[in-house]
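This report concerns only the one structure given below.
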Amino acid sequence: MKILLHLLSGLVRSIRCWKWIFVIWIWNLLLVTLLTFPLKSAVNISLGSSMIRERLTEGYFLDVLSNSGFDLKTILSFFFSGLFLVLFAGVILNIFFAGGLFNTLREDGMRRKAADFLGSAGANFWSFLIISVIVFFILFFLSGIIIGIPSLIALSSKSDFVFTMTAKISAILLLVLWPLVILIADYSRIWQVSSGEKNGLRAIVKGFSLLFKNLLRSYLSVVPVLAIQLLFTLIAIRLILYARPAGSGGIFLLYILGQAFAIIKIFLRSWRYGTVTDLYEASR
Amino acid sequence: MMPGRDYIPGKRACSSLFLFFTLFSYCIAQIVVPRPLSQRLTGYKIDAFLDTGEKTAKGKMEAFWVNNSKDYVRDVWLHMYLNAFSNNKTTFYKESGGSPGSTRENLGWIRIINISDKNGNNLGPLMRYISPDDGNPDDRTVLQIMLPESASPGDTVFINTEFESKLPSNIRRTGYSGDFYFVAQWFPKFGVYEPAGMRYAVKGGWNCHQFHGNSEFYSNHSVYDVTLTVPENYVVGTGGMTLSEKMNGDGTKTLVTRAEDIVDFAWTAWPGYAVYKDKWNHVDITFLAPPERKNQAQRHLTAVKYALEYLTTNVGLFPWPHLTFVDPPSIGSGAGGMEYTTLFTTMSAYGLPDYILMPEMVTVHEFGHAYFMGILASNEFEEPWLDEGVNTYWEERIMDHYYGNGAGMINHPLFKVSDRSTARMTYIMSPSRQAASNDHYSWDYPHGTYGMLSYQKTAAWLHTLTGIIGEEKMNEAFREYYRQWAFKHPSGKDFVDVFNKTVPVIYGGRYGEGLNWFFSQTLYGTGICDYKVANIINRKIRNFEGAVFADNSVGIIKEKTDDDTLYMSTVQLQRDGELTLPVDILIHFDDSTELTEFWDGLTRVKDFSYTGTRKIEWVKIDPEFKNPMDINYINNSMAVKPDRKPIRLIFRKIAVLILLFIDFISI
């Protein structure tokens, strides 16, 4: 019951932050457009007035991209270097906005103004960055241990069976441990915003202690939100990938739907922040 | 070393002559196929024992070669191909790079323990290793034996030998890994004696090349009686028909097998194989694979039956009643994707999704070699395109025919790749696509172009030829090629001759007689093909109604309305490449009518003009993509108002996916 209340409280807090969710979405969209818009123009120029585009609709991408008239190397290089920059900038942007969101999600933070949101985002940025780097490192390290080492053993055994079983067990282990790492990050951040301290390392230590102080309830509260996040992402990706609108109107509607998915995705993340914020405040 | 059995090199038979007649009668006998399919100029009777401790196959072999020429032949040449793995200075390693390894376990070699002729004469002192291709003194892959007496026309040369073959540990087509064995190129095997007039031979001589980095093989069709003794827990697959299998009671078992009219005999042994059986018409199919891949067994079996059906219908009969193929385990992956006519290896991986058709593709490809390497048996050293390229063409036809509407490589709703496209892509994207023609010895292709030119370019021009003469005519030519040349070692020249006779005249003789104009550009040429639509012009023809006024002046009363405005519509085509190939042009007008025009491609430019009330909306050269030799399909079409929706849709999707991904990785 208490878990449900935490989830409900997180949901309500998140709904109250709707305008900041829109702000985050708009900035993310602008960032992505910086990559996709010029890339689209480049591809259009490369294809000229050709009707080979029809093959793209049918899914025969290689038939188009492999032609000597298509500047594949340049466009792929543009895409991948641009994608890396956009992903990196996107993560930094969201680390920045997380400071504002956590501040606004607090019990006493509901009516904070733009200056407070952005002020908290700016004030917490560097230590949030440190927290994120540490958490990414933990995730990377954990993945390396859980997936990498057994895979190496399995590969050296050169047995299909060993390899398959190891991969499956590793994936399950990672899925089970993943929420714990996320919880450490969330507890660290809410502690920092609430305490006013600006020490990322101390926040991480605090995150660990807060998590283990309230392990079961925290885990059971956050896992449903993470599961919904994951399921939603998979469904959204599938819908977007498989949609085949024929006309311009259909393409536009798909775009709108896609942006709605992106907004909901940010909202779900905010819901998780809200739930952990409620857990934190309840534990004090 | 296995317990309870020591191999003792065979005692010399009481009478070599008796052995000779016994062997000869074995080879004349019909056990597998109802009548001899080939001349059977060579035959082998081998009794071998797999020593899993020493990693060797030791054996006794009685073999013969019939001098079917008018020449007096003073020597015989034998392939000793396992010696390619004996050191890092062999021609194989010089060409392919790398090393066989530094320990005895790593190396591969074959040695003759003793050898004699039918009269019991010791041939040992008359042996010497030669390197006919490159003179490499460190290469011992071809053995010459001077005969005590020249072999007269019609004579049969008989050899009786004991040999030991050490298998290499790094499997490159042959070798061992752990307890997995793939045993190929493992016994002394006669080269092909080519009398004057056979293929390109101007005088009689042995065609027996060294083992090269980029090459496969060339051998006579032979009869093989092979007896194999292996540990009893091993599952064995061979290129022969198993006649009997018995347990020896000493931890070993012995299999007696026989193969008729195949060009090589290989076998595999591994305790871990699961065995799957199936049947297609007269062919008993055996499939060996690791048990973890049982979900893919049916995929492989279906693929091989498709290939049997398609090639039987369109090329000719698969004459043998048995076929074994193998999906090697991960430890033996180096043996994957190789062919020995009635035994071939495919490849796959655990959990490969159904829409990735790589396992089926490899199965179809390797099986296809049974026709072009096995039945027709061209010289893969000298004309690799005649096997690999032709076989790739058929593999692509089979895959695209059976596996979902031209998506024979990847058939996913979101991403489709036809098998034909992958080959074309390799050719058109290669920076060395014009480095050489197809007509080179396999090890002579410059700049690493062996694979691209002998496989993919050949397949591309064969598809182009199909587009020109039609699929049924193509099938007819191949059926004739099979009918004339099965079991006779055709050359490229013979292939071209068959096509010239089957397709004597096309397009009213515009290109001359036969198809030499085509082969000279594609098979023997290095030019590229690139047609393009240079422009579409819809020019309004000014059209007025005039009048003579009362004062005799002439003037305009009114310009005609839009409804009856006339246009001079022109499409301008260009040939940027050197290849002159016929193409269809599809022209679409704004009243939804369409016209198909023909362009012979003989001139650099070609215009098609039309006067009328309709305007051209778009033009496509080769609208059905019949010509994969064209390196650029993008400039093959042009629309006055190109449809930008597909690109817009793709980038809308990409934008959303990146947004979702950024949020996913933002903790």
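How things are named: the first chain in the structure tokens is A, the next is B, and so on; residues count from 1 in each chain; ligands count from 1 in the order shown.
In the backbone-derived DSSP annotation, strand (DSSP E) within region 310-447 of chain B comprises B:His322, B:Leu323, B:Thr324, B:Phe325, B:Val326, B:Met338, B:Glu339, B:Leu343, B:Phe344, B:Thr345, B:Ile410, B:Asn411, B:His412, B:Phe415, B:Lys416, B:Val417.
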Go ahead and save the picked residues with N, CA and C atoms, as an mmCIF file, in the first residue's frame.
```
data_model
loop_
_atom_site.group_PDB
_atom_site.id
_atom_site.type_symbol
_atom_site.label_atom_id
_atom_site.label_comp_id
_atom_site.auth_asym_id
_atom_site.auth_seq_id
_atom_site.Cartn_x
_atom_site.Cartn_y
_atom_site.Cartn_z
ATOM 1 N N HIS B 322 22.844 -39.932 -52.849
ATOM 2 C CA HIS B 322 23.196 -39.562 -51.473
ATOM 3 C C HIS B 322 23.806 -38.168 -51.437
ATOM 4 N N LEU B 323 23.582 -37.490 -50.319
ATOM 5 C CA LEU B 323 24.140 -36.154 -50.127
ATOM 6 C C LEU B 323 24.290 -35.937 -48.622
ATOM 7 N N THR B 324 25.475 -35.534 -48.214
ATOM 8 C CA THR B 324 25.709 -35.251 -46.798
ATOM 9 C C THR B 324 26.192 -33.818 -46.678
ATOM 10 N N PHE B 325 25.631 -33.110 -45.722
ATOM 11 C CA PHE B 325 26.200 -31.782 -45.462
ATOM 12 C C PHE B 325 26.257 -31.510 -43.969
ATOM 13 N N VAL B 326 27.133 -30.559 -43.642
ATOM 14 C CA VAL B 326 27.586 -30.414 -42.268
ATOM 15 C C VAL B 326 27.548 -28.948 -41.863
ATOM 16 N N MET B 338 32.422 -24.965 -47.520
ATOM 17 C CA MET B 338 33.318 -25.604 -48.491
ATOM 18 C C MET B 338 32.597 -26.792 -49.121
ATOM 19 N N GLU B 339 33.010 -27.125 -50.344
ATOM 20 C CA GLU B 339 32.241 -28.104 -51.087
ATOM 21 C C GLU B 339 33.109 -29.250 -51.595
ATOM 22 N N LEU B 343 29.508 -34.075 -50.420
ATOM 23 C CA LEU B 343 29.666 -33.635 -49.025
ATOM 24 C C LEU B 343 30.003 -32.156 -49.080
ATOM 25 N N PHE B 344 29.261 -31.364 -48.329
ATOM 26 C CA PHE B 344 29.641 -29.951 -48.262
ATOM 27 C C PHE B 344 29.392 -29.424 -46.869
ATOM 28 N N THR B 345 30.023 -28.298 -46.566
ATOM 29 C CA THR B 345 29.832 -27.702 -45.246
ATOM 30 C C THR B 345 29.116 -26.367 -45.407
ATOM 31 N N ILE B 410 18.173 -10.797 -46.381
ATOM 32 C CA ILE B 410 17.501 -10.372 -45.148
ATOM 33 C C ILE B 410 16.054 -10.071 -45.523
ATOM 34 N N ASN B 411 15.137 -10.718 -44.826
ATOM 35 C CA ASN B 411 13.725 -10.514 -45.156
ATOM 36 C C ASN B 411 12.967 -10.106 -43.901
ATOM 37 N N HIS B 412 13.183 -8.863 -43.517
ATOM 38 C CA HIS B 412 12.520 -8.292 -42.350
ATOM 39 C C HIS B 412 11.571 -7.216 -42.877
ATOM 40 N N PHE B 415 13.520 -4.039 -43.227
ATOM 41 C CA PHE B 415 14.813 -4.007 -43.905
ATOM 42 C C PHE B 415 14.940 -5.252 -44.764
ATOM 43 N N LYS B 416 15.010 -5.031 -46.049
ATOM 44 C CA LYS B 416 15.082 -6.171 -46.965
ATOM 45 C C LYS B 416 16.353 -6.067 -47.796
ATOM 46 N N VAL B 417 16.982 -7.177 -47.960
ATOM 47 C CA VAL B 417 18.146 -7.214 -48.843
ATOM 48 C C VAL B 417 18.013 -8.448 -49.710
#
```
I want to know what sits within 9 Å of Phe519 (chain B), based on only C-alpha atoms, with residues of the same chain fewer than 5 positions away left out; could you give that as an mmCIF file with N, CA and C atoms, in the first residue's frame?
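Done, and the output landed in result.cif:
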```cif
data_model
loop_
_atom_site.group_PDB
_atom_site.id
_atom_site.type_symbol
_atom_site.label_atom_id
_atom_site.label_comp_id
_atom_site.auth_asym_id
_atom_site.auth_seq_id
_atom_site.Cartn_x
_atom_site.Cartn_y
_atom_site.Cartn_z
ATOM 1 N N TRP B 461 27.095 -9.915 -64.119
ATOM 2 C CA TRP B 461 26.894 -9.920 -65.575
ATOM 3 C C TRP B 461 26.015 -11.072 -66.036
ATOM 4 N N VAL B 496 31.100 -20.104 -73.342
ATOM 5 C CA VAL B 496 30.695 -19.046 -74.276
ATOM 6 C C VAL B 496 30.132 -19.666 -75.560
ATOM 7 N N TYR B 524 35.455 -10.701 -70.486
ATOM 8 C CA TYR B 524 36.837 -10.428 -70.880
ATOM 9 C C TYR B 524 37.193 -8.942 -70.817
ATOM 10 N N GLY B 525 36.249 -8.106 -70.422
ATOM 11 C CA GLY B 525 36.508 -6.665 -70.409
ATOM 12 C C GLY B 525 36.572 -6.107 -69.001
#
```
Q) Within 6 Å of chain B, which residues of chain A show up when using only C-alpha atoms, listed as a count of residues only? A) 19
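One finds CA of Ala460 (chain B) at 5.5 Å from CA of Pro628 (chain B).
Proximity ranking of A:Asn103, A:Thr275, A:Asn199, A:Asn44 relative to Leu5 (chain A) places A:Thr275 first, based on only C-alpha atoms.
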What are the nearest atom pairs, with distances in Å to one decimal, for all residues of region 174-223 of chain A that come at most 12 Å from region 123-133 of chain A, using only C-alpha atoms, set out by chain and rising residue number as a Markdown table?
```
| residue | atom | partner | partner_atom | distance |
| --- | --- | --- | --- | --- |
| A:Val181 | CA | A:Ser132 | CA | 10.7 |
| A:Ile182 | CA | A:Ser132 | CA | 10.0 |
| A:Leu183 | CA | A:Ile131 | CA | 12.0 |
| A:Ile184 | CA | A:Ile131 | CA | 9.3 |
| A:Ala185 | CA | A:Ile131 | CA | 6.7 |
| A:Asp186 | CA | A:Ile131 | CA | 9.5 |
| A:Tyr187 | CA | A:Ile131 | CA | 10.6 |
| A:Ser188 | CA | A:Ile131 | CA | 7.5 |
| A:Arg189 | CA | A:Phe128 | CA | 6.8 |
| A:Ile190 | CA | A:Phe128 | CA | 10.2 |
| A:Trp191 | CA | A:Phe128 | CA | 11.2 |
| A:Gln192 | CA | A:Asn124 | CA | 8.0 |
| A:Val193 | CA | A:Asn124 | CA | 7.3 |
| A:Ser194 | CA | A:Asn124 | CA | 10.9 |
| A:Ser195 | CA | A:Asn124 | CA | 11.3 |
| A:Gly196 | CA | A:Asn124 | CA | 8.8 |
| A:Glu197 | CA | A:Asn124 | CA | 8.8 |
| A:Lys198 | CA | A:Ser127 | CA | 5.9 |
| A:Asn199 | CA | A:Ser127 | CA | 5.8 |
| A:Gly200 | CA | A:Ser127 | CA | 4.3 |
| A:Leu201 | CA | A:Ile131 | CA | 7.0 |
| A:Arg202 | CA | A:Ile131 | CA | 9.5 |
| A:Ala203 | CA | A:Ile131 | CA | 7.5 |
| A:Ile204 | CA | A:Ile131 | CA | 6.4 |
| A:Val205 | CA | A:Ile131 | CA | 10.1 |
| A:Lys206 | CA | A:Ile131 | CA | 11.3 |
| A:Gly207 | CA | A:Ile131 | CA | 9.8 |
| A:Phe208 | CA | A:Ile131 | CA | 11.8 |
```
Q.
Need to verify the contact set: Ile146 (chain A), 8 Å, only C-alpha atoms, exclusion of same-chain residues closer than 5 positions in sequence. Can you return it as JSON, numbers by chain?
A. {"A": [170, 171, 173, 174]}
Could you turn the residues from that selection into a file that holds all heavy atoms, as a PDB file, in the first residue's frame?
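Everything below was put into result_18.pdb:
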```pdb
ATOM      1  N   SER A 170      23.402 -13.685 -17.782  1.00  0.00           N
ATOM      2  CA  SER A 170      23.978 -12.352 -17.630  1.00  0.00           C
ATOM      3  C   SER A 170      22.924 -11.271 -17.836  1.00  0.00           C
ATOM      4  O   SER A 170      22.859 -10.294 -17.087  1.00  0.00           O
ATOM      5  CB  SER A 170      25.105 -12.139 -18.632  1.00  0.00           C
ATOM      6  OG  SER A 170      26.088 -13.107 -18.458  1.00  0.00           O
ATOM      7  N   ALA A 171      22.112 -11.450 -18.859  1.00  0.00           N
ATOM      8  CA  ALA A 171      21.084 -10.452 -19.166  1.00  0.00           C
ATOM      9  C   ALA A 171      20.095 -10.336 -18.001  1.00  0.00           C
ATOM     10  O   ALA A 171      19.708  -9.223 -17.607  1.00  0.00           O
ATOM     11  CB  ALA A 171      20.365 -10.826 -20.457  1.00  0.00           C
ATOM     12  N   LEU A 173      20.612 -11.091 -14.825  1.00  0.00           N
ATOM     13  CA  LEU A 173      21.313 -10.471 -13.685  1.00  0.00           C
ATOM     14  C   LEU A 173      21.391  -8.958 -13.844  1.00  0.00           C
ATOM     15  O   LEU A 173      21.143  -8.204 -12.906  1.00  0.00           O
ATOM     16  CB  LEU A 173      22.727 -11.032 -13.617  1.00  0.00           C
ATOM     17  CG  LEU A 173      23.030 -12.008 -12.486  1.00  0.00           C
ATOM     18  CD1 LEU A 173      24.453 -12.505 -12.612  1.00  0.00           C
ATOM     19  CD2 LEU A 173      22.812 -11.354 -11.130  1.00  0.00           C
ATOM     20  N   LEU A 174      21.713  -8.538 -15.041  1.00  0.00           N
ATOM     21  CA  LEU A 174      21.847  -7.106 -15.304  1.00  0.00           C
ATOM     22  C   LEU A 174      20.511  -6.401 -15.106  1.00  0.00           C
ATOM     23  O   LEU A 174      20.437  -5.308 -14.532  1.00  0.00           O
ATOM     24  CB  LEU A 174      22.372  -6.898 -16.719  1.00  0.00           C
ATOM     25  CG  LEU A 174      22.932  -5.503 -17.005  1.00  0.00           C
ATOM     26  CD1 LEU A 174      24.149  -5.236 -16.125  1.00  0.00           C
ATOM     27  CD2 LEU A 174      23.317  -5.367 -18.456  1.00  0.00           C
TER      28      LEU A 174
END
```
(Q) I'd like the contact shell of region 222-229 of chain A - 9 Å cut-off, only C-alpha atoms, skipping same-chain residues fewer than 5 positions apart - returned as a PyMOL selection string. (A) (chain A and resi 7+179+182-183+217+234+265+268-269+271-272+275-276) or (chain B and resi 664)
Q.
For Leu39 (chain A), find every residue with an atom within 9 Å (counting only C-alpha atoms), except residues of its own chain fewer than 3 positions away, and show them as an MDAnalysis selection string.
A. (chainID A and resid 34:36 42:44 75 78:79) or (chainID B and resid 651)
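Here CA of Tyr445 (chain B) stands at a distance of 10.5 Å from CA of Pro384 (chain B).
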Could you give me, as a CSV table (one decimal) with all heavy atoms, in the first residue's frame, the residues within 8 Å of region 225-234 of chain B, counting only C-alpha atoms and dropping anything in the same chain fewer than 5 positions from it?
```csv
chain,number,residue,atom,x,y,z
B,2,MET,N,44.5,-43.7,-29.5
B,2,MET,CA,43.4,-44.4,-29.0
B,2,MET,C,43.8,-45.7,-28.4
B,2,MET,O,44.8,-46.3,-28.8
B,2,MET,CB,42.4,-44.7,-30.2
B,2,MET,CG,41.7,-43.5,-30.6
B,2,MET,SD,40.3,-44.0,-31.6
B,2,MET,CE,41.0,-45.4,-32.3
B,26,TYR,N,36.8,-53.0,-58.9
B,26,TYR,CA,36.0,-52.1,-58.0
B,26,TYR,C,35.4,-50.9,-58.7
B,26,TYR,O,34.3,-50.5,-58.5
B,26,TYR,CB,36.9,-51.7,-56.8
B,26,TYR,CG,36.8,-52.5,-55.6
B,26,TYR,CD1,38.0,-53.1,-55.1
B,26,TYR,CD2,35.6,-52.6,-54.9
B,26,TYR,CE1,38.0,-53.8,-53.9
B,26,TYR,CE2,35.6,-53.4,-53.7
B,26,TYR,CZ,36.8,-53.9,-53.2
B,26,TYR,OH,36.7,-54.7,-52.1
B,44,TYR,N,40.5,-44.7,-56.7
B,44,TYR,CA,41.2,-44.7,-55.4
B,44,TYR,C,40.6,-45.8,-54.5
B,44,TYR,O,39.3,-45.8,-54.3
B,44,TYR,CB,41.3,-43.4,-54.7
B,44,TYR,CG,41.8,-42.3,-55.5
B,44,TYR,CD1,41.0,-41.6,-56.4
B,44,TYR,CD2,43.2,-41.9,-55.5
B,44,TYR,CE1,41.5,-40.5,-57.2
B,44,TYR,CE2,43.7,-40.9,-56.2
B,44,TYR,CZ,42.9,-40.2,-57.1
B,44,TYR,OH,43.4,-39.2,-57.9
B,45,LYS,N,41.4,-46.6,-53.9
B,45,LYS,CA,40.9,-47.5,-52.8
B,45,LYS,C,41.8,-47.2,-51.6
B,45,LYS,O,43.0,-47.4,-51.6
B,45,LYS,CB,41.1,-48.9,-53.3
B,45,LYS,CG,40.5,-49.9,-52.3
B,45,LYS,CD,40.4,-51.3,-53.0
B,45,LYS,CE,39.7,-52.3,-52.1
B,45,LYS,NZ,40.3,-52.6,-50.8
B,46,ILE,N,41.2,-46.6,-50.6
B,46,ILE,CA,41.9,-46.2,-49.4
B,46,ILE,C,41.4,-46.8,-48.2
B,46,ILE,O,40.2,-47.0,-48.0
B,46,ILE,CB,41.8,-44.6,-49.3
B,46,ILE,CG1,42.2,-43.9,-50.6
B,46,ILE,CG2,42.6,-44.1,-48.1
B,46,ILE,CD1,41.9,-42.4,-50.6
B,47,ASP,N,42.3,-47.3,-47.4
B,47,ASP,CA,42.0,-47.8,-46.1
B,47,ASP,C,42.7,-46.9,-45.0
B,47,ASP,O,44.0,-47.0,-45.0
B,47,ASP,CB,42.5,-49.3,-46.0
B,47,ASP,CG,42.0,-49.9,-44.7
B,47,ASP,OD1,41.5,-49.2,-43.8
B,47,ASP,OD2,42.1,-51.2,-44.6
B,48,ALA,N,42.0,-46.1,-44.3
B,48,ALA,CA,42.6,-45.1,-43.4
B,48,ALA,C,42.2,-45.2,-42.0
B,48,ALA,O,41.1,-45.7,-41.7
B,48,ALA,CB,42.4,-43.7,-43.9
B,49,PHE,N,43.0,-44.8,-41.1
B,49,PHE,CA,42.7,-44.9,-39.7
B,49,PHE,C,43.0,-43.5,-39.1
B,49,PHE,O,44.0,-42.9,-39.3
B,49,PHE,CB,43.7,-45.9,-39.1
B,49,PHE,CG,43.8,-45.8,-37.6
B,49,PHE,CD1,42.7,-46.2,-36.8
B,49,PHE,CD2,45.0,-45.5,-37.0
B,49,PHE,CE1,42.9,-46.1,-35.4
B,49,PHE,CE2,45.1,-45.4,-35.6
B,49,PHE,CZ,44.0,-45.7,-34.8
B,50,LEU,N,42.0,-43.0,-38.4
B,50,LEU,CA,42.1,-41.7,-37.7
B,50,LEU,C,42.8,-41.8,-36.4
B,50,LEU,O,42.2,-42.4,-35.5
B,50,LEU,CB,40.8,-41.0,-37.6
B,50,LEU,CG,40.8,-39.6,-36.9
B,50,LEU,CD1,41.5,-38.6,-37.7
B,50,LEU,CD2,39.3,-39.2,-36.6
B,51,ASP,N,44.0,-41.3,-36.2
B,51,ASP,CA,44.7,-41.4,-34.9
B,51,ASP,C,44.4,-40.1,-34.2
B,51,ASP,O,45.0,-39.0,-34.5
B,51,ASP,CB,46.2,-41.6,-35.2
B,51,ASP,CG,46.9,-41.8,-33.9
B,51,ASP,OD1,46.5,-41.3,-32.9
B,51,ASP,OD2,48.0,-42.5,-34.0
B,247,MET,N,31.4,-52.3,-35.4
B,247,MET,CA,32.2,-52.0,-34.2
B,247,MET,C,33.4,-53.0,-34.2
B,247,MET,O,33.1,-54.2,-34.4
B,247,MET,CB,31.4,-52.1,-33.0
B,247,MET,CG,30.3,-51.1,-32.9
B,247,MET,SD,30.9,-49.4,-32.9
B,247,MET,CE,29.4,-48.5,-33.3
B,251,GLY,N,37.3,-50.3,-29.2
B,251,GLY,CA,37.0,-48.9,-29.1
B,251,GLY,C,37.0,-48.2,-30.4
B,251,GLY,O,36.9,-46.9,-30.4
B,252,THR,N,37.1,-48.9,-31.5
B,252,THR,CA,37.0,-48.3,-32.8
B,252,THR,C,35.9,-48.9,-33.6
B,252,THR,O,35.3,-49.9,-33.3
B,252,THR,CB,38.3,-48.4,-33.6
B,252,THR,OG1,38.5,-49.8,-33.9
B,252,THR,CG2,39.5,-48.0,-32.8
B,253,LYS,N,35.5,-48.2,-34.7
B,253,LYS,CA,34.6,-48.7,-35.6
B,253,LYS,C,35.1,-48.5,-37.0
B,253,LYS,O,35.9,-47.6,-37.2
B,253,LYS,CB,33.2,-48.1,-35.4
B,253,LYS,CG,33.1,-46.6,-35.7
B,253,LYS,CD,31.7,-46.1,-35.5
B,253,LYS,CE,31.7,-44.6,-35.7
B,253,LYS,NZ,30.4,-44.0,-35.5
B,254,THR,N,34.6,-49.3,-37.9
B,254,THR,CA,35.1,-49.1,-39.3
B,254,THR,C,33.9,-48.9,-40.2
B,254,THR,O,32.9,-49.7,-40.2
B,254,THR,CB,35.9,-50.4,-39.7
B,254,THR,OG1,37.0,-50.5,-38.9
B,254,THR,CG2,36.3,-50.3,-41.2
B,255,LEU,N,34.0,-47.9,-41.1
B,255,LEU,CA,33.0,-47.6,-42.1
B,255,LEU,C,33.5,-47.9,-43.4
B,255,LEU,O,34.7,-47.5,-43.8
B,255,LEU,CB,32.6,-46.1,-42.0
B,255,LEU,CG,31.9,-45.6,-40.8
B,255,LEU,CD1,32.9,-45.1,-39.8
B,255,LEU,CD2,30.9,-44.5,-41.2
B,256,VAL,N,32.7,-48.6,-44.2
B,256,VAL,CA,33.1,-48.8,-45.6
B,256,VAL,C,32.2,-47.9,-46.5
B,256,VAL,O,31.0,-48.0,-46.4
B,256,VAL,CB,32.9,-50.3,-46.0
B,256,VAL,CG1,33.2,-50.5,-47.5
B,256,VAL,CG2,33.8,-51.2,-45.1
B,257,THR,N,32.9,-47.1,-47.3
B,257,THR,CA,32.1,-46.1,-48.1
B,257,THR,C,32.5,-46.2,-49.5
B,257,THR,O,33.6,-46.6,-49.8
B,257,THR,CB,32.3,-44.7,-47.6
B,257,THR,OG1,33.6,-44.3,-47.9
B,257,THR,CG2,32.0,-44.5,-46.1
B,258,ARG,N,31.6,-45.7,-50.4
B,258,ARG,CA,31.9,-45.7,-51.8
B,258,ARG,C,31.3,-44.5,-52.4
B,258,ARG,O,30.2,-44.1,-52.1
B,258,ARG,CB,31.4,-46.9,-52.5
B,258,ARG,CG,31.8,-47.0,-54.0
B,258,ARG,CD,31.3,-48.2,-54.6
B,258,ARG,NE,31.3,-48.2,-56.1
B,258,ARG,CZ,32.4,-48.6,-56.8
B,258,ARG,NH1,33.4,-49.1,-56.2
B,258,ARG,NH2,32.3,-48.5,-58.1
B,259,ALA,N,32.1,-43.8,-53.3
B,259,ALA,CA,31.6,-42.7,-54.0
B,259,ALA,C,32.0,-42.8,-55.5
B,259,ALA,O,33.1,-43.3,-55.8
B,259,ALA,CB,32.2,-41.4,-53.4
B,269,ALA,N,34.7,-36.0,-38.8
B,269,ALA,CA,34.4,-36.9,-37.6
B,269,ALA,C,34.4,-36.0,-36.4
B,269,ALA,O,35.3,-35.2,-36.2
B,269,ALA,CB,35.4,-38.0,-37.5
B,270,TRP,N,33.3,-36.2,-35.6
B,270,TRP,CA,33.2,-35.4,-34.3
B,270,TRP,C,32.2,-36.1,-33.4
B,270,TRP,O,31.1,-36.5,-33.9
B,270,TRP,CB,32.7,-34.0,-34.6
B,270,TRP,CG,32.6,-33.1,-33.4
B,270,TRP,CD1,33.6,-32.9,-32.5
B,270,TRP,CD2,31.5,-32.2,-33.1
B,270,TRP,NE1,33.2,-31.9,-31.6
B,270,TRP,CE2,31.9,-31.5,-31.9
B,270,TRP,CE3,30.2,-32.0,-33.6
B,270,TRP,CZ2,31.0,-30.6,-31.2
B,270,TRP,CZ3,29.4,-31.1,-33.0
B,270,TRP,CH2,29.8,-30.4,-31.8
B,271,PRO,N,32.5,-36.3,-32.2
B,271,PRO,CA,31.6,-37.1,-31.3
B,271,PRO,C,30.3,-36.3,-31.1
B,271,PRO,O,29.2,-36.9,-30.7
B,271,PRO,CB,32.3,-37.2,-30.0
B,271,PRO,CG,33.7,-36.9,-30.3
B,271,PRO,CD,33.7,-35.9,-31.4
B,272,GLY,N,30.3,-35.0,-31.3
B,272,GLY,CA,29.1,-34.1,-30.9
B,272,GLY,C,28.0,-34.0,-31.9
B,272,GLY,O,27.0,-33.3,-31.6
```
Q. Do you know which residues are at most 9 Å from region 113-119 of chain A counting only C-alpha atoms, after dropping those on the same chain fewer than 5 positions away, and could you put them as a VMD selection string?
A. chain A and resid 20 96 to 97 99 to 101 103 to 104 124
